[in-house]
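Asks: The structure file coords_11.pdb (PDB, C-alpha atoms and all ligand atoms) is provided below.
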```pdb
ATOM      1  CA  MET T   1      88.067  78.065  66.940  1.00  0.00           C
ATOM      2  CA  LYS T   2      91.713  77.126  66.482  1.00  0.00           C
ATOM      3  CA  ARG T   3      93.026  74.979  69.322  1.00  0.00           C
ATOM      4  CA  GLY T   4      95.709  76.673  71.401  1.00  0.00           C
ATOM      5  CA  LEU T   5      99.362  75.666  71.317  1.00  0.00           C
ATOM      6  CA  LEU T   6     101.103  73.766  74.054  1.00  0.00           C
ATOM      7  CA  ILE T   7     104.420  75.344  74.956  1.00  0.00           C
ATOM      8  CA  ILE T   8     106.839  73.608  77.308  1.00  0.00           C
ATOM      9  CA  MET T   9     109.587  75.596  78.934  1.00  0.00           C
ATOM     10  CA  SER T  10     112.264  73.772  80.917  1.00  0.00           C
ATOM     11  CA  GLY T  11     115.653  74.580  82.275  1.00  0.00           C
ATOM     12  CA  PRO T  12     117.657  74.143  85.434  1.00  0.00           C
ATOM     13  CA  SER T  13     116.667  75.661  88.723  1.00  0.00           C
ATOM     14  CA  GLY T  14     117.818  79.279  88.898  1.00  0.00           C
ATOM     15  CA  VAL T  15     118.143  79.788  85.142  1.00  0.00           C
ATOM     16  CA  GLY T  16     115.455  82.483  85.148  1.00  0.00           C
ATOM     17  CA  LYS T  17     112.509  80.589  83.620  1.00  0.00           C
ATOM     18  CA  GLY T  18     110.078  82.274  85.983  1.00  0.00           C
ATOM     19  CA  THR T  19     111.208  85.758  84.979  1.00  0.00           C
ATOM     20  CA  ILE T  20     111.110  84.898  81.280  1.00  0.00           C
ATOM     21  CA  ARG T  21     107.621  83.494  81.739  1.00  0.00           C
ATOM     22  CA  GLU T  22     106.406  86.667  83.465  1.00  0.00           C
ATOM     23  CA  LYS T  23     107.786  88.826  80.646  1.00  0.00           C
ATOM     24  CA  LEU T  24     106.187  86.618  77.991  1.00  0.00           C
ATOM     25  CA  MET T  25     102.848  86.715  79.795  1.00  0.00           C
ATOM     26  CA  GLU T  26     102.936  90.517  79.749  1.00  0.00           C
ATOM     27  CA  ASP T  27     102.812  90.376  75.951  1.00  0.00           C
ATOM     28  CA  LYS T  28      99.083  89.977  75.374  1.00  0.00           C
ATOM     29  CA  SER T  29      99.571  89.340  71.634  1.00  0.00           C
ATOM     30  CA  LEU T  30     100.940  85.896  72.533  1.00  0.00           C
ATOM     31  CA  ASN T  31      97.599  84.876  74.100  1.00  0.00           C
ATOM     32  CA  LEU T  32      99.574  82.925  76.670  1.00  0.00           C
ATOM     33  CA  PHE T  33      98.135  81.262  79.760  1.00  0.00           C
ATOM     34  CA  TYR T  34     100.186  79.629  82.461  1.00  0.00           C
ATOM     35  CA  SER T  35      99.326  76.155  83.646  1.00  0.00           C
ATOM     36  CA  VAL T  36      99.646  76.202  87.442  1.00  0.00           C
ATOM     37  CA  SER T  37     101.219  72.940  88.601  1.00  0.00           C
ATOM     38  CA  MET T  38     100.576  70.914  91.700  1.00  0.00           C
ATOM     39  CA  THR T  39     103.468  70.334  94.080  1.00  0.00           C
ATOM     40  CA  THR T  40     104.238  68.752  97.430  1.00  0.00           C
ATOM     41  CA  ARG T  41     107.067  71.202  98.170  1.00  0.00           C
ATOM     42  CA  SER T  42     106.501  73.989 100.707  1.00  0.00           C
ATOM     43  CA  PRO T  43     105.759  77.490  99.445  1.00  0.00           C
ATOM     44  CA  ARG T  44     108.702  79.905  99.289  1.00  0.00           C
ATOM     45  CA  PRO T  45     108.225  83.321 100.875  1.00  0.00           C
ATOM     46  CA  GLY T  46     105.825  85.301  98.702  1.00  0.00           C
ATOM     47  CA  GLU T  47     104.408  82.303  96.862  1.00  0.00           C
ATOM     48  CA  VAL T  48     100.626  82.071  96.856  1.00  0.00           C
ATOM     49  CA  ASP T  49      98.576  78.864  96.661  1.00  0.00           C
ATOM     50  CA  GLY T  50      96.888  78.704  93.263  1.00  0.00           C
ATOM     51  CA  ARG T  51      99.187  81.309  91.710  1.00  0.00           C
ATOM     52  CA  GLU T  52     102.713  79.827  91.648  1.00  0.00           C
ATOM     53  CA  TYR T  53     101.523  76.319  92.504  1.00  0.00           C
ATOM     54  CA  TYR T  54      98.745  74.371  94.080  1.00  0.00           C
ATOM     55  CA  PHE T  55     100.486  73.265  97.262  1.00  0.00           C
ATOM     56  CA  VAL T  56      99.212  69.835  98.254  1.00  0.00           C
ATOM     57  CA  SER T  57     100.115  66.996 100.607  1.00  0.00           C
ATOM     58  CA  LYS T  58     101.798  63.806  99.367  1.00  0.00           C
ATOM     59  CA  GLU T  59      98.518  61.954  99.955  1.00  0.00           C
ATOM     60  CA  ASP T  60      96.553  64.389  97.799  1.00  0.00           C
ATOM     61  CA  PHE T  61      99.196  64.192  95.119  1.00  0.00           C
ATOM     62  CA  LYS T  62      98.991  60.387  95.060  1.00  0.00           C
ATOM     63  CA  LYS T  63      95.209  60.571  94.742  1.00  0.00           C
ATOM     64  CA  ASN T  64      95.590  62.815  91.719  1.00  0.00           C
ATOM     65  CA  ILE T  65      97.918  60.279  90.115  1.00  0.00           C
ATOM     66  CA  GLU T  66      95.528  57.427  90.857  1.00  0.00           C
ATOM     67  CA  ASN T  67      92.559  59.335  89.457  1.00  0.00           C
ATOM     68  CA  ASP T  68      94.525  60.081  86.271  1.00  0.00           C
ATOM     69  CA  ASN T  69      94.162  63.824  86.828  1.00  0.00           C
ATOM     70  CA  LEU T  70      97.686  64.655  85.712  1.00  0.00           C
ATOM     71  CA  LEU T  71      98.994  65.063  82.167  1.00  0.00           C
ATOM     72  CA  GLU T  72     102.441  64.321  83.583  1.00  0.00           C
ATOM     73  CA  TRP T  73     104.192  64.289  86.911  1.00  0.00           C
ATOM     74  CA  ALA T  74     107.746  63.885  88.161  1.00  0.00           C
ATOM     75  CA  GLU T  75     109.757  63.731  91.327  1.00  0.00           C
ATOM     76  CA  PHE T  76     112.249  66.545  91.565  1.00  0.00           C
ATOM     77  CA  VAL T  77     114.836  66.679  94.367  1.00  0.00           C
ATOM     78  CA  GLY T  78     112.542  64.958  96.873  1.00  0.00           C
ATOM     79  CA  ASN T  79     109.227  66.575  95.925  1.00  0.00           C
ATOM     80  CA  PHE T  80     106.460  65.775  93.468  1.00  0.00           C
ATOM     81  CA  TYR T  81     105.312  68.131  90.731  1.00  0.00           C
ATOM     82  CA  GLY T  82     102.517  67.590  88.215  1.00  0.00           C
ATOM     83  CA  THR T  83     100.383  69.242  85.537  1.00  0.00           C
ATOM     84  CA  PRO T  84      96.570  69.155  85.986  1.00  0.00           C
ATOM     85  CA  LYS T  85      95.311  67.593  82.746  1.00  0.00           C
ATOM     86  CA  ASP T  86      91.793  68.994  82.422  1.00  0.00           C
ATOM     87  CA  LYS T  87      92.817  72.613  82.878  1.00  0.00           C
ATOM     88  CA  VAL T  88      95.351  72.365  80.065  1.00  0.00           C
ATOM     89  CA  GLU T  89      92.808  70.704  77.772  1.00  0.00           C
ATOM     90  CA  ASN T  90      90.092  73.240  78.561  1.00  0.00           C
ATOM     91  CA  MET T  91      92.340  76.221  77.967  1.00  0.00           C
ATOM     92  CA  ARG T  92      93.600  74.824  74.661  1.00  0.00           C
ATOM     93  CA  ASN T  93      90.040  74.104  73.542  1.00  0.00           C
ATOM     94  CA  GLU T  94      89.210  77.731  74.302  1.00  0.00           C
ATOM     95  CA  GLY T  95      91.967  78.719  71.851  1.00  0.00           C
ATOM     96  CA  LYS T  96      94.423  79.763  74.537  1.00  0.00           C
ATOM     97  CA  ASN T  97      98.137  79.032  74.174  1.00  0.00           C
ATOM     98  CA  VAL T  98      99.177  77.167  77.286  1.00  0.00           C
ATOM     99  CA  LEU T  99     102.607  77.428  78.851  1.00  0.00           C
ATOM    100  CA  LEU T 100     103.967  74.580  80.988  1.00  0.00           C
ATOM    101  CA  GLU T 101     107.048  75.156  83.073  1.00  0.00           C
ATOM    102  CA  ILE T 102     108.117  71.592  83.846  1.00  0.00           C
ATOM    103  CA  ASP T 103     111.275  69.532  84.266  1.00  0.00           C
ATOM    104  CA  VAL T 104     112.983  67.289  81.699  1.00  0.00           C
ATOM    105  CA  ASN T 105     111.296  64.088  82.910  1.00  0.00           C
ATOM    106  CA  GLY T 106     107.844  65.639  82.719  1.00  0.00           C
ATOM    107  CA  THR T 107     108.668  66.847  79.214  1.00  0.00           C
ATOM    108  CA  LYS T 108     109.511  63.294  78.152  1.00  0.00           C
ATOM    109  CA  THR T 109     106.093  62.139  79.328  1.00  0.00           C
ATOM    110  CA  VAL T 110     104.260  64.912  77.488  1.00  0.00           C
ATOM    111  CA  LEU T 111     106.222  64.285  74.279  1.00  0.00           C
ATOM    112  CA  SER T 112     105.425  60.574  74.481  1.00  0.00           C
ATOM    113  CA  LYS T 113     101.694  61.227  74.968  1.00  0.00           C
ATOM    114  CA  LEU T 114     101.078  64.026  72.479  1.00  0.00           C
ATOM    115  CA  ASP T 115     101.953  64.600  68.868  1.00  0.00           C
ATOM    116  CA  ARG T 116     105.440  66.140  68.946  1.00  0.00           C
ATOM    117  CA  ASN T 117     104.491  68.573  66.187  1.00  0.00           C
ATOM    118  CA  ASP T 118     101.742  69.822  68.441  1.00  0.00           C
ATOM    119  CA  VAL T 119     104.167  70.856  71.158  1.00  0.00           C
ATOM    120  CA  ILE T 120     106.710  73.666  71.174  1.00  0.00           C
ATOM    121  CA  SER T 121     109.470  72.670  73.556  1.00  0.00           C
ATOM    122  CA  ILE T 122     112.023  75.247  74.686  1.00  0.00           C
ATOM    123  CA  PHE T 123     115.003  74.594  76.942  1.00  0.00           C
ATOM    124  CA  ILE T 124     116.384  77.637  78.749  1.00  0.00           C
ATOM    125  CA  ALA T 125     120.106  77.180  79.390  1.00  0.00           C
ATOM    126  CA  PRO T 126     122.452  79.277  81.535  1.00  0.00           C
ATOM    127  CA  PRO T 127     125.558  80.858  79.968  1.00  0.00           C
ATOM    128  CA  SER T 128     127.594  78.507  82.225  1.00  0.00           C
ATOM    129  CA  LEU T 129     127.227  76.308  85.304  1.00  0.00           C
ATOM    130  CA  GLU T 130     129.261  78.816  87.365  1.00  0.00           C
ATOM    131  CA  GLU T 131     126.802  81.569  86.482  1.00  0.00           C
ATOM    132  CA  LEU T 132     123.918  79.281  87.430  1.00  0.00           C
ATOM    133  CA  GLU T 133     125.453  78.572  90.839  1.00  0.00           C
ATOM    134  CA  ASN T 134     125.830  82.323  91.470  1.00  0.00           C
ATOM    135  CA  ARG T 135     122.178  82.855  90.605  1.00  0.00           C
ATOM    136  CA  ILE T 136     120.915  80.039  92.848  1.00  0.00           C
ATOM    137  CA  ARG T 137     123.075  81.192  95.751  1.00  0.00           C
ATOM    138  CA  GLY T 138     121.982  84.795  95.155  1.00  0.00           C
ATOM    139  CA  ARG T 139     118.351  83.770  95.564  1.00  0.00           C
ATOM    140  CA  SER T 140     119.327  82.378  99.015  1.00  0.00           C
ATOM    141  CA  THR T 141     115.960  80.774  99.609  1.00  0.00           C
ATOM    142  CA  GLU T 142     117.375  77.249  99.891  1.00  0.00           C
ATOM    143  CA  THR T 143     119.674  75.448 102.298  1.00  0.00           C
ATOM    144  CA  ASP T 144     123.186  74.460 101.242  1.00  0.00           C
ATOM    145  CA  GLU T 145     122.173  70.853 100.790  1.00  0.00           C
ATOM    146  CA  VAL T 146     119.208  71.744  98.603  1.00  0.00           C
ATOM    147  CA  ILE T 147     121.442  74.043  96.545  1.00  0.00           C
ATOM    148  CA  LYS T 148     123.966  71.239  96.016  1.00  0.00           C
ATOM    149  CA  ASN T 149     121.212  68.828  94.955  1.00  0.00           C
ATOM    150  CA  ARG T 150     119.725  71.381  92.612  1.00  0.00           C
ATOM    151  CA  LEU T 151     123.139  72.040  91.014  1.00  0.00           C
ATOM    152  CA  ALA T 152     123.727  68.316  90.495  1.00  0.00           C
ATOM    153  CA  GLN T 153     120.245  68.089  88.987  1.00  0.00           C
ATOM    154  CA  ALA T 154     121.039  71.110  86.789  1.00  0.00           C
ATOM    155  CA  SER T 155     124.004  69.443  85.131  1.00  0.00           C
ATOM    156  CA  ARG T 156     121.927  66.303  84.519  1.00  0.00           C
ATOM    157  CA  GLU T 157     119.204  68.426  82.935  1.00  0.00           C
ATOM    158  CA  LEU T 158     121.681  70.298  80.748  1.00  0.00           C
ATOM    159  CA  GLY T 159     122.744  66.935  79.358  1.00  0.00           C
ATOM    160  CA  GLN T 160     119.193  66.406  78.089  1.00  0.00           C
ATOM    161  CA  LYS T 161     118.603  69.678  76.353  1.00  0.00           C
ATOM    162  CA  ASP T 162     118.773  68.038  72.911  1.00  0.00           C
ATOM    163  CA  GLN T 163     115.325  66.505  73.316  1.00  0.00           C
ATOM    164  CA  TYR T 164     113.911  70.045  73.007  1.00  0.00           C
ATOM    165  CA  ARG T 165     113.055  71.661  69.695  1.00  0.00           C
ATOM    166  CA  PHE T 166     114.620  74.963  70.768  1.00  0.00           C
ATOM    167  CA  VAL T 167     117.446  75.903  73.144  1.00  0.00           C
ATOM    168  CA  VAL T 168     117.601  79.514  74.346  1.00  0.00           C
ATOM    169  CA  ILE T 169     120.555  80.749  76.389  1.00  0.00           C
ATOM    170  CA  ASN T 170     119.549  83.177  79.109  1.00  0.00           C
ATOM    171  CA  ASP T 171     122.545  85.476  79.150  1.00  0.00           C
ATOM    172  CA  LYS T 172     120.732  88.784  78.737  1.00  0.00           C
ATOM    173  CA  LEU T 173     117.134  88.539  79.923  1.00  0.00           C
ATOM    174  CA  GLU T 174     115.631  90.778  77.208  1.00  0.00           C
ATOM    175  CA  ASP T 175     117.351  88.788  74.448  1.00  0.00           C
ATOM    176  CA  ALA T 176     116.144  85.470  75.857  1.00  0.00           C
ATOM    177  CA  VAL T 177     112.576  86.788  76.147  1.00  0.00           C
ATOM    178  CA  GLU T 178     112.685  88.091  72.584  1.00  0.00           C
ATOM    179  CA  GLU T 179     113.957  84.768  71.296  1.00  0.00           C
ATOM    180  CA  CYS T 180     111.142  82.882  73.052  1.00  0.00           C
ATOM    181  CA  ARG T 181     108.625  85.390  71.742  1.00  0.00           C
ATOM    182  CA  LYS T 182     109.804  84.841  68.161  1.00  0.00           C
ATOM    183  CA  ILE T 183     109.641  81.053  68.575  1.00  0.00           C
ATOM    184  CA  ILE T 184     106.031  81.248  69.787  1.00  0.00           C
ATOM    185  CA  LEU T 185     104.952  83.749  67.130  1.00  0.00           C
ATOM    186  CA  SER T 186     106.473  81.701  64.312  1.00  0.00           C
ATOM    187  CA  ASN T 187     104.359  78.735  65.335  1.00  0.00           C
TER     188      ASN T 187
HETATM  189  P1  LIG C 201     110.785  74.795  91.886  1.00  0.00           P
HETATM  190  O1  LIG C 201     110.756  73.997  93.137  1.00  0.00           O
HETATM  191  O2  LIG C 201     112.101  75.513  91.698  1.00  0.00           O
HETATM  192  O3  LIG C 201     109.596  75.708  91.738  1.00  0.00           O
HETATM  193  O4  LIG C 201     110.660  73.778  90.666  1.00  0.00           O
HETATM  194  C1  LIG C 201     111.561  72.714  90.556  1.00  0.00           C
HETATM  195  C2  LIG C 201     111.462  72.091  89.176  1.00  0.00           C
HETATM  196  O5  LIG C 201     110.193  71.474  88.989  1.00  0.00           O
HETATM  197  C3  LIG C 201     111.625  73.080  88.028  1.00  0.00           C
HETATM  198  O6  LIG C 201     112.481  72.510  87.063  1.00  0.00           O
HETATM  199  C4  LIG C 201     110.228  73.211  87.489  1.00  0.00           C
HETATM  200  O7  LIG C 201     110.206  73.525  86.109  1.00  0.00           O
HETATM  201  C5  LIG C 201     109.709  71.815  87.714  1.00  0.00           C
HETATM  202  N1  LIG C 201     108.238  71.752  87.708  1.00  0.00           N
HETATM  203  C6  LIG C 201     107.350  72.666  88.134  1.00  0.00           C
HETATM  204  N2  LIG C 201     106.101  72.243  87.930  1.00  0.00           N
HETATM  205  C7  LIG C 201     106.197  71.036  87.336  1.00  0.00           C
HETATM  206  C8  LIG C 201     105.229  70.087  86.857  1.00  0.00           C
HETATM  207  O8  LIG C 201     104.021  70.269  86.907  1.00  0.00           O
HETATM  208  N3  LIG C 201     105.720  68.949  86.332  1.00  0.00           N
HETATM  209  C9  LIG C 201     107.055  68.681  86.237  1.00  0.00           C
HETATM  210  N4  LIG C 201     107.420  67.541  85.666  1.00  0.00           N
HETATM  211  N5  LIG C 201     107.978  69.540  86.667  1.00  0.00           N
HETATM  212  C10 LIG C 201     107.558  70.702  87.208  1.00  0.00           C
END
```
Translate the structure of the given file into structure tokens.
Replies:
Amino acid sequence: MKRGLLIIMSGPSGVGKGTIREKLMEDKSLNLFYSVSMTTRSPRPGEVDGREYYFVSKEDFKKNIENDNLLEWAEFVGNFYGTPKDKVENMRNEGKNVLLEIDVNGTKTVLSKLDRNDVISIFIAPPSLEELENRIRGRSTETDEVIKNRLAQASRELGQKDQYRFVVINDKLEDAVEECRKIILSN
């Protein structure tokens, strides 16, 4: 059986990665499976443990690092996020294409560990920083301080988009989804 692809999708908070991911997952021809990450941040309203994330304590997270259970991990605005290694491996060995939605630092780790040609990396960029701020504020799930930190983080991340093989601008959702779809299919 052909080993599945590893697809990394990154982009600043609020850019719409989650929505793009959901649309891509609806397309069964892509054979796409989402790798659920582990995080120490608290669930947002509506988020379910094991679906959006595995929500764990800082102690549990540290244990997972020590036991080498994570393909990569990063600290993002005060919380830890990481990708369970075995799940990704197992899914790829079953021929499934695995989608990681991780930040730019996590991407660096993955690209340093795996053969770059083996990884499709896509950066989702907003049409502008102003538009991004509107989207984050519109979501209104975070405090003002968190929003400010996330916006500062967003401009840092935008500065690193060149390490990705593909950059897709999420101006119109359907166009961005279609572009991602084509990138995956052509690989
Ligand atoms: P949020 O708190 O908005 O769900 O996620 C914050 C950031 O963490 C996003 O950029 C998201 O892509 C990233 N992230 C989510 N899971 C992981 C992970 O497993 N590893 C890394 N490095 N980043 C992650």
Asks: Mind giving me the straight-line distance from CA of Lys172 (chain T) to CA of Ile184 (chain T) in Å, one decimal?
Replies: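 Value for the CA of Lys172 (chain T)-CA of Ile184 (chain T) distance: 18.8 Å.
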Asks: List all protein, DNA and RNA residues that have at least one atom no more than 9 Å from any atom of ligand LIG 201 (chain C), counting only C-alpha atoms and all ligand atoms, and write them as number ranges by chain.
Replies: T: 9-14, 17-18, 35-39, 41-44, 52-53, 70-77, 79-84, 100-109, 150, 154, 157
Asks: Please measure the separation of CA of Ile8 (chain T) and CA of Ser29 (chain T), giving the value in Å to one decimal.
Replies: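 So the answer is 18.2 Å.
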Asks: Go ahead and find all residues with at least one atom no further than 12 Å from (107.6, 89.7, 80.7) in the file's coordinates, using only C-alpha atoms; report them as a PyMOL selection string.
Replies: chain T and resi 16-28+30+32+173-178+180-181
Asks: Take the selection from the previous step and output its residues with C-alpha atoms, as a PDB file, in the frame of the given file.
Replies:
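File produced: out35.pdb:
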```pdb
ATOM      1  CA  GLY T  16     115.455  82.483  85.148  1.00  0.00           C
ATOM      2  CA  LYS T  17     112.509  80.589  83.620  1.00  0.00           C
ATOM      3  CA  GLY T  18     110.078  82.274  85.983  1.00  0.00           C
ATOM      4  CA  THR T  19     111.208  85.758  84.979  1.00  0.00           C
ATOM      5  CA  ILE T  20     111.110  84.898  81.280  1.00  0.00           C
ATOM      6  CA  ARG T  21     107.621  83.494  81.739  1.00  0.00           C
ATOM      7  CA  GLU T  22     106.406  86.667  83.465  1.00  0.00           C
ATOM      8  CA  LYS T  23     107.786  88.826  80.646  1.00  0.00           C
ATOM      9  CA  LEU T  24     106.187  86.618  77.991  1.00  0.00           C
ATOM     10  CA  MET T  25     102.848  86.715  79.795  1.00  0.00           C
ATOM     11  CA  GLU T  26     102.936  90.517  79.749  1.00  0.00           C
ATOM     12  CA  ASP T  27     102.812  90.376  75.951  1.00  0.00           C
ATOM     13  CA  LYS T  28      99.083  89.977  75.374  1.00  0.00           C
ATOM     14  CA  LEU T  30     100.940  85.896  72.533  1.00  0.00           C
ATOM     15  CA  LEU T  32      99.574  82.925  76.670  1.00  0.00           C
ATOM     16  CA  LEU T 173     117.134  88.539  79.923  1.00  0.00           C
ATOM     17  CA  GLU T 174     115.631  90.778  77.208  1.00  0.00           C
ATOM     18  CA  ASP T 175     117.351  88.788  74.448  1.00  0.00           C
ATOM     19  CA  ALA T 176     116.144  85.470  75.857  1.00  0.00           C
ATOM     20  CA  VAL T 177     112.576  86.788  76.147  1.00  0.00           C
ATOM     21  CA  GLU T 178     112.685  88.091  72.584  1.00  0.00           C
ATOM     22  CA  CYS T 180     111.142  82.882  73.052  1.00  0.00           C
ATOM     23  CA  ARG T 181     108.625  85.390  71.742  1.00  0.00           C
TER      24      ARG T 181
END
```
Asks: With only C-alpha atoms as the counted atoms, please give the residues lying no more than 10 Å from Leu151 (chain T), apart from itself and same-chain residues fewer than 2 positions off, as an MDAnalysis selection string.
Replies: chainID T and resid 12:14 129:130 132:133 136 145:149 153:157
